Amino acid sequence: MDDMGYHEALALLDWQIELGADEAILDAPVDRFALEDAAPVVPVAAPAAARPVQPAARPVEAAARADTVDAVAVARDAAAAARDLPSLRAAMEAFAHCPLSQTATRLVFADGDPAARVMIVGEAPGREEDQQGKPCVGQAGQLLDRMLAAIGLGRTATDPAQGVYITNMLPWRPPQDREPTPEELAIMGPFVRRHIELAAPDILVLMGNHACQGLTGKMGITRLRGQWTEVMDRPAIPMFHPAHLLRKPHEKAKAWEDLLSLKARLRKM
């Protein structure tokens, strides 16, 4: 460990934090090799406050209670009750039936101009999005901003005609940045559709496989990209997610074709 460099040590520490090891067991590190002949160090726990003992639920009863909650139906009712974007965000903050809300740092709602003609629906927040509370930031976000700027669009544009509005299928980061599950997409789907209704964009961009899965029921972004479809009575174009392009730069030519197709469609409308 004495030969370990600063950056290597920091990377290992970040890795442990990602795994959830964010607390020390003792107040100070213990050299176990120096304690071979000594008595073992046993941390003394503070006495726990007395709590009434609750009878354990029988497995069948617990399962029955869990089955009584239809998370998709609850999400549908909560989304339908939202009359504007602030109330939709509040409803999502209060929604307690998606386990991701318990593991993420914060809800990632949207970024850009809600009045923009183009609305981008991505997949799920990553680590940087979880920290900043905005969708598509970091390297992927920088690439997206350059892609949009190439056709005269941007999330910070003051004119809605040149603006974009960005959200995700999931508002919370999945643990370890794993892929969203079909169950998670189904649970949060009503909120995304209500989000689209309230923002009322002219065109949707489905950025990535899971955006396509959540809003069209189809997967296979390599096959679907660039092919115009319709989602909620609006033209929609599937495109590669910027994170995919960072992993596979040779696909950027196809992404450029899709951007030109988006630009041409905007001119016609």
# chains A, B, ... in the order shown; residues from 1 in each chain; ligands from 1
call {"tool": "residues_around", "arguments": {"residues": "segment 70-75 of chain A", "least_positions_apart": "4", "cutoff": "10 Å", "atoms": "only C-alpha atoms", "output": "short mmCIF file (atom, residue, chain, number, x, y, z; two decimals) with N, CA, C and O atoms, in the first residue's frame"}}
result
data_model
loop_
_atom_site.label_atom_id
_atom_site.label_comp_id
_atom_site.auth_asym_id
_atom_site.auth_seq_id
_atom_site.Cartn_x
_atom_site.Cartn_y
_atom_site.Cartn_z
N ALA A 66 -48.02 -7.27 -0.40
CA ALA A 66 -47.25 -6.71 -1.52
C ALA A 66 -48.04 -6.78 -2.82
O ALA A 66 -47.98 -5.87 -3.64
N ALA A 79 -49.78 10.41 -12.15
CA ALA A 79 -49.39 11.20 -13.32
C ALA A 79 -50.59 11.94 -13.90
O ALA A 79 -50.48 13.11 -14.27
N ALA A 80 -51.72 11.28 -13.97
CA ALA A 80 -52.92 11.90 -14.54
C ALA A 80 -53.38 13.10 -13.71
O ALA A 80 -53.97 14.05 -14.25
N ALA A 81 -53.10 13.07 -12.41
CA ALA A 81 -53.55 14.16 -11.54
C ALA A 81 -52.68 15.40 -11.68
O ALA A 81 -53.08 16.49 -11.24
N ALA A 91 -45.26 14.99 -7.88
CA ALA A 91 -45.86 13.66 -7.82
C ALA A 91 -44.80 12.58 -7.93
O ALA A 91 -44.88 11.54 -7.26
N MET A 92 -43.80 12.80 -8.76
CA MET A 92 -42.72 11.83 -8.90
C MET A 92 -41.85 11.78 -7.64
O MET A 92 -41.40 10.72 -7.21
N PHE A 95 -43.65 9.69 -5.16
CA PHE A 95 -43.98 8.31 -5.56
C PHE A 95 -43.05 7.33 -4.85
O PHE A 95 -41.82 7.43 -4.95
N ALA A 96 -43.62 6.39 -4.12
CA ALA A 96 -42.84 5.50 -3.26
C ALA A 96 -42.83 4.05 -3.73
O ALA A 96 -42.45 3.17 -2.97
N HIS A 97 -43.25 3.80 -4.97
CA HIS A 97 -43.41 2.41 -5.41
C HIS A 97 -42.38 1.97 -6.45
O HIS A 97 -42.55 0.95 -7.09
N CYS A 98 -41.30 2.78 -6.60
CA CYS A 98 -40.18 2.36 -7.44
C CYS A 98 -38.95 2.27 -6.54
O CYS A 98 -38.52 3.29 -5.97
N GLU A 183 -39.66 -3.95 -15.68
CA GLU A 183 -40.59 -3.58 -14.62
C GLU A 183 -40.43 -2.11 -14.25
O GLU A 183 -41.43 -1.39 -14.06
N GLU A 184 -39.20 -1.64 -14.17
CA GLU A 184 -38.96 -0.23 -13.84
C GLU A 184 -39.47 0.69 -14.94
O GLU A 184 -40.08 1.74 -14.67
N LEU A 185 -39.27 0.30 -16.19
CA LEU A 185 -39.77 1.10 -17.31
C LEU A 185 -41.29 1.15 -17.30
O LEU A 185 -41.89 2.19 -17.59
N ALA A 186 -41.93 0.03 -16.97
CA ALA A 186 -43.39 -0.01 -16.93
C ALA A 186 -43.93 0.85 -15.80
O ALA A 186 -44.93 1.57 -15.98
N ILE A 187 -43.28 0.82 -14.64
CA ILE A 187 -43.75 1.59 -13.50
C ILE A 187 -43.66 3.09 -13.78
O ILE A 187 -44.59 3.85 -13.48
N MET A 188 -42.56 3.54 -14.35
CA MET A 188 -42.36 4.97 -14.56
C MET A 188 -42.91 5.45 -15.89
O MET A 188 -42.94 6.66 -16.15
N GLY A 189 -43.36 4.54 -16.75
CA GLY A 189 -43.88 4.92 -18.05
C GLY A 189 -45.01 5.94 -18.00
O GLY A 189 -45.01 6.91 -18.79
N PRO A 190 -46.01 5.81 -17.10
CA PRO A 190 -47.08 6.81 -17.05
C PRO A 190 -46.58 8.22 -16.78
O PRO A 190 -47.14 9.19 -17.32
N PHE A 191 -45.53 8.36 -15.98
CA PHE A 191 -44.99 9.69 -15.71
C PHE A 191 -44.33 10.27 -16.96
O PHE A 191 -44.45 11.47 -17.24
#
call {"tool": "residues_around", "arguments": {"residues": "Ala110 of chain A", "least_positions_apart": "3", "cutoff": "12 Å", "atoms": "only C-alpha atoms", "output": "ChimeraX atom specification"}}
result
/A:85-86,88-89,107,113-114,119-122,124-125,129,132-137,155,164-172,192,195-196,199
call {"tool": "residues_around", "arguments": {"residues": "Arg225 of chain A", "least_positions_apart": "5", "cutoff": "7 Å", "atoms": "only C-alpha atoms", "output": "PDB file with all heavy atoms, in the first residue's frame"}}
result
ATOM      1  N   ILE A 237     -38.165   9.991 -33.668  1.00  0.00           N
ATOM      2  CA  ILE A 237     -37.039   9.362 -34.342  1.00  0.00           C
ATOM      3  C   ILE A 237     -36.115   8.733 -33.301  1.00  0.00           C
ATOM      4  O   ILE A 237     -35.633   9.406 -32.395  1.00  0.00           O
ATOM      5  CB  ILE A 237     -36.258  10.367 -35.228  1.00  0.00           C
ATOM      6  CG1 ILE A 237     -35.106   9.666 -35.947  1.00  0.00           C
ATOM      7  CG2 ILE A 237     -35.773  11.569 -34.424  1.00  0.00           C
ATOM      8  CD1 ILE A 237     -34.435  10.520 -37.015  1.00  0.00           C
ATOM      9  N   PRO A 238     -35.870   7.429 -33.394  1.00  0.00           N
ATOM     10  CA  PRO A 238     -34.881   6.789 -32.519  1.00  0.00           C
ATOM     11  C   PRO A 238     -33.467   7.152 -32.953  1.00  0.00           C
ATOM     12  O   PRO A 238     -33.159   7.214 -34.147  1.00  0.00           O
ATOM     13  CB  PRO A 238     -35.147   5.293 -32.700  1.00  0.00           C
ATOM     14  CG  PRO A 238     -36.507   5.209 -33.334  1.00  0.00           C
ATOM     15  CD  PRO A 238     -36.625   6.443 -34.171  1.00  0.00           C
ATOM     16  N   MET A 239     -32.602   7.392 -31.979  1.00  0.00           N
ATOM     17  CA  MET A 239     -31.207   7.728 -32.249  1.00  0.00           C
ATOM     18  C   MET A 239     -30.309   7.023 -31.238  1.00  0.00           C
ATOM     19  O   MET A 239     -30.756   6.625 -30.171  1.00  0.00           O
ATOM     20  CB  MET A 239     -30.987   9.253 -32.163  1.00  0.00           C
ATOM     21  CG  MET A 239     -31.712  10.059 -33.223  1.00  0.00           C
ATOM     22  SD  MET A 239     -31.441  11.845 -33.053  1.00  0.00           S
ATOM     23  CE  MET A 239     -29.662  11.942 -33.231  1.00  0.00           C
ATOM     24  N   PHE A 240     -29.031   6.901 -31.588  1.00  0.00           N
ATOM     25  CA  PHE A 240     -28.058   6.375 -30.649  1.00  0.00           C
ATOM     26  C   PHE A 240     -27.921   7.326 -29.464  1.00  0.00           C
ATOM     27  O   PHE A 240     -27.947   8.553 -29.623  1.00  0.00           O
ATOM     28  CB  PHE A 240     -26.681   6.209 -31.297  1.00  0.00           C
ATOM     29  CG  PHE A 240     -26.573   5.052 -32.252  1.00  0.00           C
ATOM     30  CD1 PHE A 240     -26.037   5.229 -33.521  1.00  0.00           C
ATOM     31  CD2 PHE A 240     -26.977   3.786 -31.868  1.00  0.00           C
ATOM     32  CE1 PHE A 240     -25.920   4.165 -34.396  1.00  0.00           C
ATOM     33  CE2 PHE A 240     -26.864   2.712 -32.738  1.00  0.00           C
ATOM     34  CZ  PHE A 240     -26.342   2.901 -34.001  1.00  0.00           C
TER      35      PHE A 240
END
call {"tool": "select_by_dssp", "arguments": {"residues": "segment 53-238 of chain A", "states": "helix (DSSP H, G or I)", "output": "MDAnalysis selection string"}}
result
chainID A and resid 59:67 71:81 85:94 100:103 127:132 138:149 175:177 182:199 209:216 221:224
call {"tool": "residues_around", "arguments": {"residues": "Arg267 of chain A", "least_positions_apart": "4", "cutoff": "12 Å", "atoms": "only C-alpha atoms", "output": "PyMOL selection string"}}
result
chain A and resi 117+151-152+161-162+202-203+260-263
call {"tool": "write_last_selection", "arguments": {"atoms": "N, CA and C atoms", "output": "JSON list (two decimals), in the first residue's frame"}}
result
[["chain", "number", "residue", "atom", "x", "y", "z"],
["A", 117, "ARG", "N", -39.51, 22.84, -29.30],
["A", 117, "ARG", "CA", -40.19, 22.01, -30.28],
["A", 117, "ARG", "C", -39.72, 20.56, -30.21],
["A", 151, "ILE", "N", -26.74, 21.24, -35.66],
["A", 151, "ILE", "CA", -27.95, 21.49, -36.46],
["A", 151, "ILE", "C", -28.74, 22.67, -35.90],
["A", 152, "GLY", "N", -28.07, 23.52, -35.13],
["A", 152, "GLY", "CA", -28.70, 24.75, -34.67],
["A", 152, "GLY", "C", -29.61, 24.61, -33.48],
["A", 161, "ALA", "N", -37.77, 27.68, -30.72],
["A", 161, "ALA", "CA", -37.59, 27.06, -32.03],
["A", 161, "ALA", "C", -36.21, 26.42, -32.16],
["A", 162, "GLN", "N", -35.25, 26.92, -31.39],
["A", 162, "GLN", "CA", -33.90, 26.34, -31.42],
["A", 162, "GLN", "C", -33.60, 25.55, -30.13],
["A", 202, "ASP", "N", -43.23, 19.23, -30.60],
["A", 202, "ASP", "CA", -43.60, 18.89, -31.97],
["A", 202, "ASP", "C", -42.99, 17.54, -32.38],
["A", 203, "ILE", "N", -41.78, 17.27, -31.88],
["A", 203, "ILE", "CA", -41.03, 16.07, -32.28],
["A", 203, "ILE", "C", -40.40, 15.45, -31.04],
["A", 260, "LEU", "N", -29.40, 15.11, -39.33],
["A", 260, "LEU", "CA", -29.83, 15.81, -40.54],
["A", 260, "LEU", "C", -31.29, 15.50, -40.86],
["A", 261, "SER", "N", -31.73, 14.28, -40.58],
["A", 261, "SER", "CA", -33.12, 13.92, -40.78],
["A", 261, "SER", "C", -34.02, 14.71, -39.83],
["A", 262, "LEU", "N", -33.57, 14.88, -38.59],
["A", 262, "LEU", "CA", -34.32, 15.68, -37.62],
["A", 262, "LEU", "C", -34.40, 17.13, -38.06],
["A", 263, "LYS", "N", -33.30, 17.67, -38.53],
["A", 263, "LYS", "CA", -33.28, 19.06, -39.00],
["A", 263, "LYS", "C", -34.23, 19.26, -40.17]]
call {"tool": "atom_distance", "arguments": {"atom1": "atom CA of Pro174 of chain A", "atom2": "atom CA of Leu100 of chain A"}}
result
6.1 Å
call {"tool": "residues_around", "arguments": {"residues": "Val231 of chain A", "least_positions_apart": "2", "cutoff": "8 Å", "atoms": "only C-alpha atoms", "output": "list in words"}}
result
Leu204, Leu215, Thr216, Thr229, Asp233, Arg234, Pro235 and Ala236 of chain A
